[in-house]
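The structure file my_file_29.cif is reproduced below (mmCIF, C-alpha atoms).
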```
data_run
#
loop_
_atom_site.label_atom_id
_atom_site.label_comp_id
_atom_site.auth_asym_id
_atom_site.auth_seq_id
_atom_site.Cartn_x
_atom_site.Cartn_y
_atom_site.Cartn_z
CA GLY A 1 28.22 201.34 107.45
CA ALA A 2 28.86 198.92 110.27
CA VAL A 3 26.77 195.76 110.27
CA VAL A 4 25.36 193.93 113.26
CA SER A 5 23.74 190.54 112.89
CA GLN A 6 21.55 188.53 115.20
CA HIS A 7 20.86 184.84 115.22
CA PRO A 8 18.31 183.43 115.13
CA SER A 9 15.95 185.93 113.56
CA TRP A 10 13.04 184.16 115.19
CA VAL A 11 12.61 181.29 117.61
CA ILE A 12 9.71 179.39 119.12
CA CYS A 13 10.28 177.41 122.29
CA LYS A 14 8.38 175.61 124.98
CA SER A 15 7.85 177.12 128.39
CA GLY A 16 10.65 176.21 130.77
CA THR A 17 13.36 175.87 128.17
CA SER A 18 16.31 178.19 127.62
CA VAL A 19 17.02 180.14 124.46
CA LYS A 20 20.29 181.72 123.36
CA ILE A 21 20.42 184.72 121.05
CA GLU A 22 23.67 185.79 119.41
CA CYS A 23 24.66 189.32 118.47
CA ARG A 24 27.68 189.83 116.21
CA SER A 25 29.42 192.91 114.89
CA LEU A 26 30.50 191.77 111.44
CA ASP A 27 33.00 194.39 110.32
CA PHE A 28 34.07 196.20 113.44
CA GLN A 29 35.05 195.55 117.01
CA ALA A 30 32.56 196.43 119.68
CA THR A 31 33.78 196.90 123.20
CA THR A 32 30.23 197.57 124.30
CA MET A 33 27.00 195.95 123.24
CA PHE A 34 23.51 196.65 124.45
CA TRP A 35 20.44 194.44 124.72
CA TYR A 36 16.92 195.78 124.32
CA ARG A 37 13.47 194.26 124.52
CA GLN A 38 10.48 195.57 122.63
CA PHE A 39 6.86 194.57 123.08
CA PRO A 40 4.31 195.18 120.31
CA LYS A 41 3.49 198.84 119.72
CA GLN A 42 5.94 199.88 122.43
CA SER A 43 9.33 201.48 122.49
CA LEU A 44 12.64 199.74 123.00
CA MET A 45 13.51 199.06 126.62
CA LEU A 46 17.16 198.78 127.53
CA MET A 47 17.83 195.57 129.41
CA ALA A 48 21.56 195.57 129.93
CA THR A 49 24.92 196.88 128.85
CA SER A 50 27.47 194.27 127.90
CA ASN A 51 31.17 195.00 128.05
CA GLU A 52 33.74 192.63 126.60
CA GLY A 53 35.53 190.68 129.27
CA SER A 54 33.45 191.89 132.19
CA LYS A 55 30.06 191.33 133.76
CA ALA A 56 27.05 192.94 132.19
CA THR A 57 25.30 195.86 133.82
CA TYR A 58 21.58 195.32 134.11
CA GLU A 59 18.92 197.97 134.18
CA GLN A 60 16.63 198.19 137.17
CA GLY A 61 13.95 195.55 137.13
CA VAL A 62 15.77 193.18 134.77
CA GLU A 63 16.57 189.81 136.36
CA LYS A 64 20.22 189.04 135.75
CA ASP A 65 19.75 185.36 136.58
CA LYS A 66 17.02 185.03 134.02
CA PHE A 67 18.68 186.98 131.22
CA LEU A 68 22.26 185.78 131.10
CA ILE A 69 24.60 187.92 129.03
CA ASN A 70 28.05 186.92 127.89
CA HIS A 71 30.39 189.15 125.92
CA ALA A 72 33.33 186.87 125.32
CA SER A 73 34.89 188.66 122.38
CA LEU A 74 34.92 192.05 120.71
CA THR A 75 32.51 190.81 118.05
CA LEU A 76 30.11 188.57 119.92
CA SER A 77 27.62 188.97 122.74
CA THR A 78 24.99 186.41 123.69
CA LEU A 79 21.73 186.72 125.58
CA THR A 80 20.31 183.55 127.11
CA VAL A 81 16.74 183.61 128.31
CA THR A 82 16.61 180.92 130.95
CA SER A 83 13.46 179.01 131.88
CA ALA A 84 11.48 181.02 129.40
CA HIS A 85 7.81 181.72 129.99
CA PRO A 86 5.11 183.12 127.71
CA GLU A 87 5.56 186.59 129.20
CA ASP A 88 9.15 186.57 127.91
CA SER A 89 7.82 186.51 124.37
CA SER A 90 9.11 189.68 122.79
CA PHE A 91 11.35 191.20 120.16
CA TYR A 92 14.96 191.27 121.38
CA ILE A 93 17.34 193.71 119.74
CA CYS A 94 21.03 194.19 120.28
CA SER A 95 23.25 197.08 119.38
CA ALA A 96 26.99 197.46 119.17
CA GLN A 97 29.04 200.53 119.82
CA THR A 98 32.26 201.12 117.93
CA SER A 99 35.38 200.95 120.01
CA GLY A 100 37.30 203.39 117.89
CA GLY A 101 36.80 206.68 116.15
CA PRO A 102 36.45 210.26 117.33
CA PRO A 103 35.47 210.64 120.98
CA SER A 104 32.97 213.30 119.96
CA TYR A 105 30.91 210.86 117.92
CA ASN A 106 29.04 207.95 119.36
CA GLU A 107 26.86 205.77 117.20
CA GLN A 108 25.21 202.52 118.01
CA PHE A 109 24.55 200.05 115.24
CA PHE A 110 21.50 197.91 115.76
CA GLY A 111 20.91 194.32 114.84
CA PRO A 112 17.79 193.21 112.97
CA GLY A 113 16.21 191.77 116.10
CA THR A 114 15.10 188.31 117.24
CA ARG A 115 11.46 187.45 117.67
CA LEU A 116 11.02 185.07 120.62
CA THR A 117 7.76 183.23 121.10
CA VAL A 118 7.34 181.06 124.18
CA LEU A 119 4.50 178.59 124.07
CA LEU B 1 20.02 210.91 131.14
CA ALA B 2 17.85 213.58 129.57
CA LYS B 3 14.23 212.64 128.96
CA THR B 4 12.67 213.33 125.60
CA THR B 5 9.11 214.17 124.61
CA GLN B 6 7.76 213.67 121.11
CA PRO B 7 4.32 213.60 119.54
CA ILE B 8 2.93 210.07 119.63
CA SER B 9 1.89 210.10 115.99
CA MET B 10 1.83 212.21 112.85
CA ASP B 11 0.17 211.85 109.47
CA SER B 12 1.41 213.18 106.17
CA TYR B 13 0.99 212.74 102.44
CA GLU B 14 3.53 211.76 99.88
CA GLY B 15 5.69 214.60 98.66
CA GLN B 16 5.20 216.76 101.74
CA GLU B 17 7.87 217.89 104.15
CA VAL B 18 7.51 216.44 107.63
CA ASN B 19 8.90 218.08 110.73
CA ILE B 20 9.01 216.14 113.98
CA THR B 21 9.90 218.13 117.07
CA CYS B 22 11.41 216.66 120.18
CA SER B 23 11.67 218.36 123.57
CA HIS B 24 14.63 217.70 125.83
CA ASN B 25 14.59 220.41 128.47
CA ASN B 26 17.17 218.73 130.69
CA ILE B 27 19.80 218.16 128.04
CA ALA B 28 23.31 218.24 129.44
CA THR B 29 26.25 220.13 128.06
CA ASN B 30 27.92 217.03 126.63
CA ASP B 31 24.75 215.45 125.24
CA TYR B 32 24.31 214.89 121.54
CA ILE B 33 20.92 214.54 119.86
CA THR B 34 20.38 211.49 117.72
CA TRP B 35 17.42 210.35 115.66
CA TYR B 36 16.64 206.78 114.71
CA GLN B 37 14.06 205.26 112.38
CA GLN B 38 12.43 201.91 112.99
CA PHE B 39 10.30 199.80 110.71
CA PRO B 40 8.11 197.01 112.12
CA SER B 41 10.08 193.94 113.21
CA GLN B 42 13.41 195.58 112.44
CA GLY B 43 16.13 197.15 114.52
CA PRO B 44 16.39 200.96 114.63
CA ARG B 45 18.39 202.66 111.92
CA PHE B 46 20.49 205.77 112.51
CA ILE B 47 19.21 208.83 110.67
CA ILE B 48 21.11 211.86 111.88
CA GLN B 49 22.98 213.27 114.83
CA GLY B 50 23.85 216.79 115.93
CA TYR B 51 25.02 218.96 118.77
CA LYS B 52 23.88 222.44 117.82
CA THR B 53 22.63 224.56 114.90
CA LYS B 54 21.82 222.58 111.79
CA VAL B 55 22.96 219.29 110.40
CA THR B 56 21.99 217.93 107.00
CA ASN B 57 22.65 214.61 105.31
CA GLU B 58 21.24 212.82 102.31
CA VAL B 59 18.03 211.79 104.05
CA ALA B 60 17.17 214.46 106.62
CA SER B 61 17.99 217.71 108.34
CA LEU B 62 18.24 218.33 112.04
CA PHE B 63 17.57 221.77 113.46
CA ILE B 64 18.75 222.58 116.96
CA PRO B 65 18.08 226.00 118.53
CA ALA B 66 20.69 227.82 120.56
CA ASP B 67 19.31 226.66 123.92
CA ARG B 68 19.29 223.02 122.69
CA LYS B 69 16.14 222.28 124.67
CA SER B 70 14.44 220.96 121.58
CA SER B 71 15.29 219.67 118.14
CA THR B 72 13.40 219.17 114.90
CA LEU B 73 13.90 216.37 112.45
CA SER B 74 12.94 217.44 108.95
CA LEU B 75 12.16 214.86 106.27
CA PRO B 76 11.87 216.47 102.84
CA ARG B 77 9.30 215.11 100.39
CA VAL B 78 8.29 211.99 102.25
CA SER B 79 7.25 208.82 100.46
CA LEU B 80 5.21 205.83 101.56
CA SER B 81 8.41 204.07 102.56
CA ASP B 82 9.04 206.71 105.22
CA THR B 83 6.16 205.31 107.25
CA ALA B 84 7.91 204.26 110.44
CA VAL B 85 8.53 205.16 114.05
CA TYR B 86 11.06 207.92 114.66
CA TYR B 87 12.92 208.14 117.94
CA CYS B 88 14.73 211.15 119.34
CA LEU B 89 17.45 210.37 121.85
CA VAL B 90 19.87 212.49 123.79
CA GLY B 91 22.98 211.25 125.47
CA GLY B 92 26.56 211.93 126.17
CA VAL B 93 29.21 210.68 123.84
CA THR B 94 31.73 209.69 126.39
CA TYR B 95 33.87 207.07 124.79
CA ASN B 96 32.34 203.63 125.20
CA THR B 97 30.19 204.51 128.18
CA ASP B 98 27.02 205.86 126.72
CA LYS B 99 23.70 204.08 126.70
CA LEU B 100 20.61 205.13 124.81
CA ILE B 101 17.23 205.40 126.47
CA PHE B 102 14.39 205.31 124.00
CA GLY B 103 11.31 207.42 124.53
CA THR B 104 7.91 206.75 123.05
CA GLY B 105 8.89 207.74 119.53
CA THR B 106 6.69 209.29 116.86
CA ARG B 107 4.72 207.02 114.59
CA LEU B 108 4.67 208.64 111.16
CA GLN B 109 2.05 207.47 108.70
CA VAL B 110 2.46 208.61 105.10
CA PHE B 111 -0.59 208.41 102.86
CA PRO B 112 -0.64 208.34 99.06
#
```

I need this file expressed as structure tokens, please.
Amino acid sequence: GAVVSQHPSWVICKSGTSVKIECRSLDFQATTMFWYRQFPKQSLMLMATSNEGSKATYEQGVEKDKFLINHASLTLSTLTVTSAHPEDSSFYICSAQTSGGPPSYNEQFFGPGTRLTVL
Amino acid sequence: LAKTTQPISMDSYEGQEVNITCSHNNIATNDYITWYQQFPSQGPRFIIQGYKTKVTNEVASLFIPADRKSSTLSLPRVSLSDTAVYYCLVGGVTYNTDKLIFGTGTRLQVFP
């Protein structure tokens, strides 16, 4: 199946710094990628939809100036958490949607996640 | 987007069949039903997807009644490694425009 990677798998940073997380589709092209955040014992919360070559669409309540998303190519999307604070500590997961295949089938392939800890 | 309702948790023993039912009363005509599995500190993994009736693959079966207002994921002969959270999602499959909204999921605990 299709593989999605994330880098780094975990990161610890100081409060006030910025952190960049990469999401790559390794063996397919992804016109659309999604970013989720998951707190312990909770479900995944969709943060934004990232489309290659255009601005990301953010879900209600997600600060677009704090969570910068760039989708510069069909295989790479990045999420930058700017001026991170302890409350931004979470598990960030991306997913990539295939840009080809039958229109009746839609599968998202998820990355392994990135654990962010802000001190 | 259709909202889903699942039991928060379920317990089972190794070797038993587990059925997890999901309610989605407001499912739209073009919505598919998809189930994902998630282990701690990992991304979700696709299990199975269907539109109506029954779908079976090497790991699970998905039963969907005619009115499509619910669906049941069936895991045959579970093992300890099936302990995970299972999410039921519904959404349209419009090319490149769909987004998945995760509900609470069902935390399955398998005991020896």

Which chain B residues have any atom within 12 Å of an atom of chain A, and for each, what is the nearest pair of atoms with distance in Å to one decimal, counting all atoms listed in the file, rows sorted by chain and number, as a tab-separated table?
```
residue	atom	partner	partner_atom	distance
B:Ile8	CA	A:Gln42	CA	11.0
B:Ser9	CA	A:Lys41	CA	12.0
B:Asn30	CA	A:Ser104	CA	9.2
B:Asp31	CA	A:Ser104	CA	10.0
B:Tyr32	CA	A:Tyr105	CA	8.5
B:Ile33	CA	A:Asn106	CA	10.5
B:Thr34	CA	A:Glu107	CA	8.7
B:Trp35	CA	A:Glu107	CA	10.6
B:Tyr36	CA	A:Gln108	CA	10.1
B:Gln37	CA	A:Phe110	CA	11.0
B:Gln38	CA	A:Ser43	CA	10.0
B:Phe39	CA	A:Pro112	CA	10.2
B:Pro40	CA	A:Lys41	CA	9.1
B:Ser41	CA	A:Gly113	CA	7.1
B:Gln42	CA	A:Pro112	CA	5.0
B:Gly43	CA	A:Pro112	CA	4.5
B:Pro44	CA	A:Phe110	CA	6.1
B:Arg45	CA	A:Phe110	CA	6.9
B:Phe46	CA	A:Phe109	CA	7.5
B:Ile47	CA	A:Glu107	CA	10.5
B:Ile48	CA	A:Glu107	CA	9.9
B:Gln49	CA	A:Glu107	CA	8.8
B:Gly50	CA	A:Tyr105	CA	9.4
B:Tyr51	CA	A:Ser104	CA	9.8
B:Ala84	CA	A:Lys41	CA	11.6
B:Val85	CA	A:Ser43	CA	9.2
B:Tyr86	CA	A:Ser43	CA	10.3
B:Tyr87	CA	A:Ser43	CA	8.8
B:Cys88	CA	A:Ser43	CA	11.5
B:Leu89	CA	A:Glu107	CA	11.5
B:Val90	CA	A:Asn106	CA	11.2
B:Gly91	CA	A:Asn106	CA	9.2
B:Gly92	CA	A:Asn106	CA	8.3
B:Val93	CA	A:Asn106	CA	5.2
B:Thr94	CA	A:Pro103	CA	6.6
B:Tyr95	CA	A:Pro103	CA	5.5
B:Asn96	CA	A:Thr32	CA	6.5
B:Thr97	CA	A:Thr32	CA	8.0
B:Asp98	CA	A:Asn106	CA	7.9
B:Lys99	CA	A:Thr49	CA	7.6
B:Leu100	CA	A:Leu46	CA	7.7
B:Ile101	CA	A:Leu46	CA	6.7
B:Phe102	CA	A:Leu44	CA	5.9
B:Gly103	CA	A:Ser43	CA	6.6
B:Thr104	CA	A:Ser43	CA	5.5
B:Gly105	CA	A:Ser43	CA	6.9
B:Thr106	CA	A:Ser43	CA	10.0
B:Arg107	CA	A:Lys41	CA	9.7
```

- Apply the PyMOL selection byres ((chain A and resi 64) around 12) to the structure shown and report the selected residues as a ChimeraX atom specification. /A:47-50,55-63,65-70,79-82

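CA of Ala96 (chain A) to CA of Thr17 (chain A) spans 27.1 Å [interatomic distance, one decimal].
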
- Message: Could you list, as a ChimeraX atom specification, every residue within 8 Å of Asp88 (chain A), counting only C-alpha atoms and ignoring same-chain residues fewer than 6 positions away?
- Response: /A:116-118

Result set of the PyMOL selection byres ((chain B and resi 58) around 12) on the coordinates above, as a PDB file with C-alpha atoms, in the coordinates of the input:
```pdb
ATOM      1  CA  ILE B  47      19.210 208.830 110.670  1.00  0.00           C
ATOM      2  CA  ILE B  48      21.110 211.860 111.880  1.00  0.00           C
ATOM      3  CA  VAL B  55      22.960 219.290 110.400  1.00  0.00           C
ATOM      4  CA  THR B  56      21.990 217.930 107.000  1.00  0.00           C
ATOM      5  CA  ASN B  57      22.650 214.610 105.310  1.00  0.00           C
ATOM      6  CA  VAL B  59      18.030 211.790 104.050  1.00  0.00           C
ATOM      7  CA  ALA B  60      17.170 214.460 106.620  1.00  0.00           C
ATOM      8  CA  SER B  61      17.990 217.710 108.340  1.00  0.00           C
ATOM      9  CA  LEU B  62      18.240 218.330 112.040  1.00  0.00           C
ATOM     10  CA  SER B  74      12.940 217.440 108.950  1.00  0.00           C
ATOM     11  CA  LEU B  75      12.160 214.860 106.270  1.00  0.00           C
ATOM     12  CA  PRO B  76      11.870 216.470 102.840  1.00  0.00           C
TER      13      PRO B  76
END
```

- Task: May I have the residues at most 6 Å from (37.8, 190.4, 117.0) in the file's coordinates, counting all atoms listed in the file, as a ChimeraX atom specification?
- Result: /A:29,74-75

Please enclose the listed atoms of region 31-36 of chain B in an axis-aligned box, pad each side by 5 Å, and write out the centre and the three edge lengths in Å, rounded to one decimal, as JSON.
```
{"center_x": 20.7, "center_y": 211.1, "center_z": 120.0, "size_x": 18.1, "size_y": 18.7, "size_z": 20.5}
```

- How many Å separate CA of Asp67 (chain B) from CA of Leu108 (chain B)?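 Calculated distance between CA of Asp67 (chain B) and CA of Leu108 (chain B) is 26.5 Å.
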
- Task: Could you check how far CA of Asp82 (chain B) sits from CA of Trp35 (chain A), in Å to one decimal?
- Result: 25.7 Å

The PyMOL selection byres ((chain B and resi 23) around 12) applied to the shown file, residues as a PDB file with C-alpha atoms, in the coordinates of the input:
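And here is the file that came out, selection33.pdb:
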```
ATOM      1  CA  ALA B   2      17.850 213.580 129.570  1.00  0.00           C
ATOM      2  CA  LYS B   3      14.230 212.640 128.960  1.00  0.00           C
ATOM      3  CA  THR B   4      12.670 213.330 125.600  1.00  0.00           C
ATOM      4  CA  THR B   5       9.110 214.170 124.610  1.00  0.00           C
ATOM      5  CA  GLN B   6       7.760 213.670 121.110  1.00  0.00           C
ATOM      6  CA  PRO B   7       4.320 213.600 119.540  1.00  0.00           C
ATOM      7  CA  ILE B  20       9.010 216.140 113.980  1.00  0.00           C
ATOM      8  CA  THR B  21       9.900 218.130 117.070  1.00  0.00           C
ATOM      9  CA  CYS B  22      11.410 216.660 120.180  1.00  0.00           C
ATOM     10  CA  HIS B  24      14.630 217.700 125.830  1.00  0.00           C
ATOM     11  CA  ASN B  25      14.590 220.410 128.470  1.00  0.00           C
ATOM     12  CA  ASN B  26      17.170 218.730 130.690  1.00  0.00           C
ATOM     13  CA  ILE B  27      19.800 218.160 128.040  1.00  0.00           C
ATOM     14  CA  ILE B  33      20.920 214.540 119.860  1.00  0.00           C
ATOM     15  CA  ILE B  64      18.750 222.580 116.960  1.00  0.00           C
ATOM     16  CA  PRO B  65      18.080 226.000 118.530  1.00  0.00           C
ATOM     17  CA  ASP B  67      19.310 226.660 123.920  1.00  0.00           C
ATOM     18  CA  ARG B  68      19.290 223.020 122.690  1.00  0.00           C
ATOM     19  CA  LYS B  69      16.140 222.280 124.670  1.00  0.00           C
ATOM     20  CA  SER B  70      14.440 220.960 121.580  1.00  0.00           C
ATOM     21  CA  SER B  71      15.290 219.670 118.140  1.00  0.00           C
ATOM     22  CA  THR B  72      13.400 219.170 114.900  1.00  0.00           C
ATOM     23  CA  LEU B  73      13.900 216.370 112.450  1.00  0.00           C
ATOM     24  CA  TYR B  87      12.920 208.140 117.940  1.00  0.00           C
ATOM     25  CA  CYS B  88      14.730 211.150 119.340  1.00  0.00           C
ATOM     26  CA  LEU B  89      17.450 210.370 121.850  1.00  0.00           C
ATOM     27  CA  VAL B  90      19.870 212.490 123.790  1.00  0.00           C
ATOM     28  CA  GLY B 103      11.310 207.420 124.530  1.00  0.00           C
ATOM     29  CA  GLY B 105       8.890 207.740 119.530  1.00  0.00           C
TER      30      GLY B 105
END
```

- Item | Shortest interatomic distance to Lys14 (chain A) - which of A:Asp27, A:Gly53, A:His85, A:Arg37, counting all atoms listed in the file |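 Of A:Asp27, A:Gly53, A:His85, A:Arg37, the one nearest Lys14 (chain A), counting all atoms listed in the file, is A:His85.
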
Would you mind putting N, CA and C atoms back on region 58-81 of chain B and writing the result as an mmCIF file, in the coordinates of the input?
```cif
data_model
loop_
_atom_site.group_PDB
_atom_site.id
_atom_site.type_symbol
_atom_site.label_atom_id
_atom_site.label_comp_id
_atom_site.auth_asym_id
_atom_site.auth_seq_id
_atom_site.Cartn_x
_atom_site.Cartn_y
_atom_site.Cartn_z
ATOM 1 N N GLU B 58 21.966 213.150 103.532
ATOM 2 C CA GLU B 58 21.240 212.820 102.310
ATOM 3 C C GLU B 58 19.784 212.456 102.553
ATOM 4 N N VAL B 59 19.414 212.205 103.790
ATOM 5 C CA VAL B 59 18.030 211.790 104.050
ATOM 6 C C VAL B 59 17.244 212.774 104.903
ATOM 7 N N ALA B 60 17.900 213.597 105.696
ATOM 8 C CA ALA B 60 17.170 214.460 106.620
ATOM 9 C C ALA B 60 18.012 215.655 107.038
ATOM 10 N N SER B 61 17.318 216.582 107.706
ATOM 11 C CA SER B 61 17.990 217.710 108.340
ATOM 12 C C SER B 61 17.597 217.740 109.803
ATOM 13 N N LEU B 62 18.491 218.226 110.612
ATOM 14 C CA LEU B 62 18.240 218.330 112.040
ATOM 15 C C LEU B 62 18.492 219.768 112.447
ATOM 16 N N PHE B 63 17.466 220.388 113.024
ATOM 17 C CA PHE B 63 17.570 221.770 113.460
ATOM 18 C C PHE B 63 17.596 221.809 114.982
ATOM 19 N N ILE B 64 18.585 222.496 115.510
ATOM 20 C CA ILE B 64 18.750 222.580 116.960
ATOM 21 C C ILE B 64 18.895 224.055 117.335
ATOM 22 N N PRO B 65 17.972 224.590 118.141
ATOM 23 C CA PRO B 65 18.080 226.000 118.530
ATOM 24 C C PRO B 65 19.232 226.216 119.492
ATOM 25 N N ALA B 66 19.527 227.470 119.742
ATOM 26 C CA ALA B 66 20.690 227.820 120.560
ATOM 27 C C ALA B 66 20.609 227.237 121.975
ATOM 28 N N ASP B 67 19.406 227.179 122.552
ATOM 29 C CA ASP B 67 19.310 226.660 123.920
ATOM 30 C C ASP B 67 19.318 225.134 123.975
ATOM 31 N N ARG B 68 19.218 224.486 122.837
ATOM 32 C CA ARG B 68 19.290 223.020 122.690
ATOM 33 C C ARG B 68 18.227 222.282 123.494
ATOM 34 N N LYS B 69 17.178 222.954 123.892
ATOM 35 C CA LYS B 69 16.140 222.280 124.670
ATOM 36 C C LYS B 69 15.124 221.565 123.789
ATOM 37 N N SER B 70 15.294 221.685 122.513
ATOM 38 C CA SER B 70 14.440 220.960 121.580
ATOM 39 C C SER B 70 15.232 220.722 120.297
ATOM 40 N N SER B 71 14.681 219.883 119.456
ATOM 41 C CA SER B 71 15.290 219.670 118.140
ATOM 42 C C SER B 71 14.176 219.263 117.180
ATOM 43 N N THR B 72 14.400 219.503 115.909
ATOM 44 C CA THR B 72 13.400 219.170 114.900
ATOM 45 C C THR B 72 14.032 218.368 113.787
ATOM 46 N N LEU B 73 13.481 217.201 113.569
ATOM 47 C CA LEU B 73 13.900 216.370 112.450
ATOM 48 C C LEU B 73 13.039 216.745 111.255
ATOM 49 N N SER B 74 13.668 217.044 110.150
ATOM 50 C CA SER B 74 12.940 217.440 108.950
ATOM 51 C C SER B 74 13.180 216.408 107.849
ATOM 52 N N LEU B 75 12.094 215.842 107.362
ATOM 53 C CA LEU B 75 12.160 214.860 106.270
ATOM 54 C C LEU B 75 11.571 215.521 105.023
ATOM 55 N N PRO B 76 12.378 215.788 104.022
ATOM 56 C CA PRO B 76 11.870 216.470 102.840
ATOM 57 C C PRO B 76 11.141 215.503 101.912
ATOM 58 N N ARG B 77 10.010 215.884 101.401
ATOM 59 C CA ARG B 77 9.300 215.110 100.390
ATOM 60 C C ARG B 77 9.190 213.644 100.763
ATOM 61 N N VAL B 78 8.413 213.367 101.783
ATOM 62 C CA VAL B 78 8.290 211.990 102.250
ATOM 63 C C VAL B 78 7.602 211.111 101.222
ATOM 64 N N SER B 79 7.899 209.823 101.301
ATOM 65 C CA SER B 79 7.250 208.820 100.460
ATOM 66 C C SER B 79 6.615 207.783 101.374
ATOM 67 N N LEU B 80 5.888 206.872 100.780
ATOM 68 C CA LEU B 80 5.210 205.830 101.560
ATOM 69 C C LEU B 80 6.214 205.034 102.398
ATOM 70 N N SER B 81 7.390 204.868 101.884
ATOM 71 C CA SER B 81 8.410 204.070 102.560
ATOM 72 C C SER B 81 8.989 204.764 103.803
#
```
